[in-house]
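Okay, so here's the structure we're looking at.
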Amino acid sequence: MIEREIAHRLFAKEFNNSIYLKAYHLNEFKGSKASKLLFSPTGLPINRVFIVGVITEIQNILSKNNNLWKARVSDPTGTFIIYAGKYQPDAAFFISTVDVPSYVAVVGKVRFYESKDRVNIISIRAEEINNVDSFTRNSWVIDAAISTLQRLKFLDNTINNNAINNEENMSDMLKLQDLNSLSLEVINELISFYGINTNYIKEYQQDVYKALLAIKENIDSQFTQKNININQIQELLITLDQGKGVSYNSLMSIAQNKSIPKEIVNEILHYLLESGECYQPRNGILKLVQ
Amino acid sequence: MYQNYSLHIEELINKLQHIDPDIIRQEFETLLKFKVPIEEIKSVISGKFGSNNSPIVKIKDISNQSSIFSFVGRIVYLKSKKLHIKNKIVNIYKGKIIDETGIAFFTSWIAFPFNSGDIVMITNAYIKEWNNLQEIYLGQKSTAISLPENLSFPNENNIIYPKKMAEIISNDTYVSSQGIITELYHTEVQVKGDYTNVIQGVISDETGKLPFTSWIPFNNIDIGTAINFENAQIKIFRGLPTINFTLDTIISVFEPDNSYISNVNLSNDSINIFSLSSLSQREGAFDIVVRGNIVSIRSGSGLIDRCSVCNRVIKKGNCRAHGSVESIEDMRIKAILDDGTGTAHIILNRDLSEKILNLSIHDIQIMKESENYGDILSDVIKKQLIGFYFYVRGNSSLNQFGANIIVSDIWEIKDELLLQVDELLCKLEELK
């Protein structure tokens, strides 16, 4: 079975700190050549990644035969460098026309330059890139946080239980953590290479904490804004209702006079209808449930 | 002459204990006269008389056997069949055989002088797939020996193999289980030219649900009835195991207690989300919900032409089976869903594509009139889908490229994130 490679979620700081290279079979597929893979500081073999962040800067790097676009996409912990060249025409076109700043989602493969056995510059070659909403950004931060914490917990267990030499124990834990693609040998190498200890794990946990705090503000303000809007619309539905409900068109025009955007009104009406707080006695007529 | 080789002959005699030592010596000598190398002689002789040390397995494990094996079982059904092969009449024997772990079909190409109910020891049998079912085959190198009657060995009447829905796989021939019927409808199907009424539906227990087809009429069984069933047949339909109730099946109704009912996922609304990595470990899953991001749109998405006869996708008005045909325009989206633990190919039909793109097929047909319509359409699809979170519901099956989900519903995720963030922050504060 040849499965498509998973797109991993990880924060920019962890991504940019990845410097451990090792020839490794990513697929169990027999006969495939072991490729040189980059391992992140929390032990994730990264090749394809999925990231969501704010695009903050675009740059056109012109050379003789390649029209290369570079973009900076930042998440709460740092910045990803994205490239798209002539072999990624869609992504290059997207970057050349994107509004800065805006939320983008990027699926891409890791590129790196090595010199003297050291990985220097890490970037992402975009396969797909698209504008997304703030909800997707916030969800992504949560997803990345969960998977990072899982890996950190796994490393923590490995170090503190002194289970490094206990093969049986190890494979049990590997199964638990869904990291069973990694062998014991690789994990030990990683721990000694990055100097993983309790403080190191604490530091990365702290980063996750900060990232979550950053989006919490955003979610909080959205949440309160939504509640304010819901109250406004409900009030309108009550005041405009003269017994037979309110027509959608009149509600919309009055809401727009009060500078509530059309999309927000639609979203909230959808929410009210779905939650059962509001119903349509006739098509196009809205009435609150008393 | 063969004194020098006595060690090798000794070894062969030990290995082939059911063969007369003199015959082995004779064979050995003959081959030696032709100056065949010793190793070759050994492999030829052990190949010719068959090694008797094939591993002994239980019936439940036979599907994992790649080479020959042996087992002990009781014949529960046997019938002979005459075949005409190259102007010769060959007798083959077909039947079912059981042990304490399971039941299997077998076909014997060798003489099989036994009766239903006998316990037999079969050596050097092998596995073949026939009609989606794995069957035991007895070939020229196989042997079958009758064993003395042993009352403690399971017989047809006292054996059941109860399984949970999630444990039922396509290799199961017969299963017994219990569950609650959650969907039920009557349909008419054509079998060998005749129309037959069958009952189809879905049966659920606490581990999952599976579709069923009943070829026998139901008495007092309707949606919400809890049933026990024994000896139902498992068939594969579109990569999914389907339970078939046949004349052999015994169905009984039971009164479930409240805890059983609350464990069984009866409502269609409650969502139990599977991780995509778990899908690539099971053969097929019926009616499951997964959550992930769309990370790629595959070629073949958008407007397609279908054959008006067989509904296949056609290119340039030519069907693979029916040649030049009239085409019917249809629409679909093929994409890849990724949740960070695994990936799956998802296929959306026209209705779902229209819903998720917020565009009808007519809008796209209008788009088609413009020059670079292909680019425009793929831009539209990508802009609406790539990167966003979706819930996907449907049936999953496994092929050589991983999990494949035929989507029955798809919707955008609009969860409340505040709770999740607070929960994670709490956890992290504890760790400090």
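A note on labels: chains of the structure tokens are A, B, ... as shown, every chain counts residues from 1, and ligands are counted from 1 in their shown order.
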
Please find the residues of chain B near chain A - the criterion being any atom within 7 Å, counting only C-alpha atoms - and write them as a ChimeraX atom specification. /B:295,338,340-343,383,386-389,400-402,418,421,425,428

Take the residues that were just selected and, keeping N, CA, C and O atoms, output them as an mmCIF file, in the first residue's frame.
data_model
loop_
_atom_site.group_PDB
_atom_site.id
_atom_site.type_symbol
_atom_site.label_atom_id
_atom_site.label_comp_id
_atom_site.auth_asym_id
_atom_site.auth_seq_id
_atom_site.Cartn_x
_atom_site.Cartn_y
_atom_site.Cartn_z
ATOM 1 N N VAL B 295 -6.307 19.084 1.700
ATOM 2 C CA VAL B 295 -4.972 19.565 1.380
ATOM 3 C C VAL B 295 -4.656 19.492 -0.109
ATOM 4 O O VAL B 295 -3.638 20.022 -0.543
ATOM 5 N N ASP B 338 -6.744 15.426 5.241
ATOM 6 C CA ASP B 338 -5.589 15.129 6.094
ATOM 7 C C ASP B 338 -5.903 15.670 7.480
ATOM 8 O O ASP B 338 -6.343 16.804 7.624
ATOM 9 N N GLY B 340 -3.557 15.156 10.109
ATOM 10 C CA GLY B 340 -2.315 15.133 10.873
ATOM 11 C C GLY B 340 -1.945 13.750 11.368
ATOM 12 O O GLY B 340 -0.805 13.513 11.733
ATOM 13 N N THR B 341 -2.910 12.811 11.385
ATOM 14 C CA THR B 341 -2.579 11.436 11.767
ATOM 15 C C THR B 341 -2.602 10.510 10.552
ATOM 16 O O THR B 341 -2.018 9.445 10.573
ATOM 17 N N GLY B 342 -3.272 10.930 9.497
ATOM 18 C CA GLY B 342 -3.382 10.089 8.317
ATOM 19 C C GLY B 342 -4.044 10.860 7.196
ATOM 20 O O GLY B 342 -4.422 12.022 7.367
ATOM 21 N N THR B 343 -4.159 10.200 6.043
ATOM 22 C CA THR B 343 -4.803 10.859 4.913
ATOM 23 C C THR B 343 -5.851 9.924 4.316
ATOM 24 O O THR B 343 -5.791 8.720 4.503
ATOM 25 N N LYS B 383 -10.141 27.549 -4.182
ATOM 26 C CA LYS B 383 -10.384 28.706 -3.321
ATOM 27 C C LYS B 383 -11.403 28.393 -2.231
ATOM 28 O O LYS B 383 -11.298 28.857 -1.110
ATOM 29 N N ILE B 386 -9.384 24.366 -0.238
ATOM 30 C CA ILE B 386 -8.034 24.083 0.277
ATOM 31 C C ILE B 386 -7.800 24.768 1.619
ATOM 32 O O ILE B 386 -8.062 25.955 1.781
ATOM 33 N N GLY B 387 -7.331 23.978 2.572
ATOM 34 C CA GLY B 387 -6.949 24.517 3.870
ATOM 35 C C GLY B 387 -8.053 24.527 4.898
ATOM 36 O O GLY B 387 -7.776 24.566 6.085
ATOM 37 N N PHE B 388 -9.312 24.490 4.460
ATOM 38 C CA PHE B 388 -10.406 24.601 5.420
ATOM 39 C C PHE B 388 -10.667 23.286 6.139
ATOM 40 O O PHE B 388 -10.331 22.214 5.642
ATOM 41 N N TYR B 389 -11.292 23.409 7.300
ATOM 42 C CA TYR B 389 -11.657 22.232 8.091
ATOM 43 C C TYR B 389 -13.025 21.722 7.662
ATOM 44 O O TYR B 389 -13.946 22.500 7.465
ATOM 45 N N GLN B 400 -4.981 0.190 -2.770
ATOM 46 C CA GLN B 400 -3.514 0.244 -2.707
ATOM 47 C C GLN B 400 -2.990 1.641 -2.397
ATOM 48 O O GLN B 400 -1.829 1.805 -2.074
ATOM 49 N N PHE B 401 -3.831 2.660 -2.501
ATOM 50 C CA PHE B 401 -3.376 4.014 -2.194
ATOM 51 C C PHE B 401 -3.892 4.497 -0.851
ATOM 52 O O PHE B 401 -3.908 5.683 -0.577
ATOM 53 N N GLY B 402 -4.356 3.595 -0.010
ATOM 54 C CA GLY B 402 -4.810 3.988 1.314
ATOM 55 C C GLY B 402 -6.320 4.030 1.408
ATOM 56 O O GLY B 402 -7.019 3.392 0.626
ATOM 57 N N LEU B 418 -13.425 28.155 22.166
ATOM 58 C CA LEU B 418 -13.051 28.708 23.461
ATOM 59 C C LEU B 418 -12.827 27.603 24.500
ATOM 60 O O LEU B 418 -11.836 27.605 25.225
ATOM 61 N N VAL B 421 -9.558 25.704 23.952
ATOM 62 C CA VAL B 421 -8.374 26.476 24.322
ATOM 63 C C VAL B 421 -8.237 26.507 25.837
ATOM 64 O O VAL B 421 -7.150 26.274 26.383
ATOM 65 N N LEU B 425 -5.125 25.195 28.060
ATOM 66 C CA LEU B 425 -4.377 26.125 28.916
ATOM 67 C C LEU B 425 -4.351 25.614 30.355
ATOM 68 O O LEU B 425 -3.324 25.679 31.034
ATOM 69 N N LEU B 428 -1.836 22.896 30.679
ATOM 70 C CA LEU B 428 -0.457 23.399 30.652
ATOM 71 C C LEU B 428 -0.090 24.076 31.967
ATOM 72 O O LEU B 428 1.056 23.998 32.401
#

Skipping near chain neighbours, those fewer than 4 positions away, what residues fall within 12 Å of range 122-127 of chain B using only C-alpha atoms, listed as a PyMOL selection string? chain B and resi 47+49-59+61-75+97+104-110+112+133-147+171

For Thr79 in chain A, work out the shell of residues within 12 Å, counting only C-alpha atoms and skipping chain neighbours fewer than 3 positions away, then give it as number ranges by chain. A: 10-17, 51-57, 71-76, 82, 122-124

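Nearest residue to Asn399 in chain B, choosing from B:Val289, B:Leu279, B:Asp99, B:Ser252 and counting only C-alpha atoms: B:Leu279.
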
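The nearest approach to Arg282 in chain B among the residues B:Cys319, B:Leu184, B:Leu398, B:Val90, with only C-alpha atoms taken into account, belongs to B:Leu398.
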
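Around Ala255 in chain A, within 10 Å and counting only C-alpha atoms, the residues found are Gln232, Ile233, Leu236, Asn249, Ser250, Leu251, Met252, Lys258, Ser259, Ile260, Pro261, Lys262, Ile264 and Val265 of chain A, once anything fewer than 3 positions away on its own chain is removed.
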
Test item, helix (DSSP H, G or I) assignment across range 11-127 of chain B, answer as a ChimeraX atom specification: /B:11-15,21-33,38-49,59-64

Expressed in Å, the length from CA of Ser259 in chain B to CA of Gly179 in chain B is 13.1 Å

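Straight-line separation from CA of Gly224 in chain B to CA of Thr173 in chain B: 26.4 Å.
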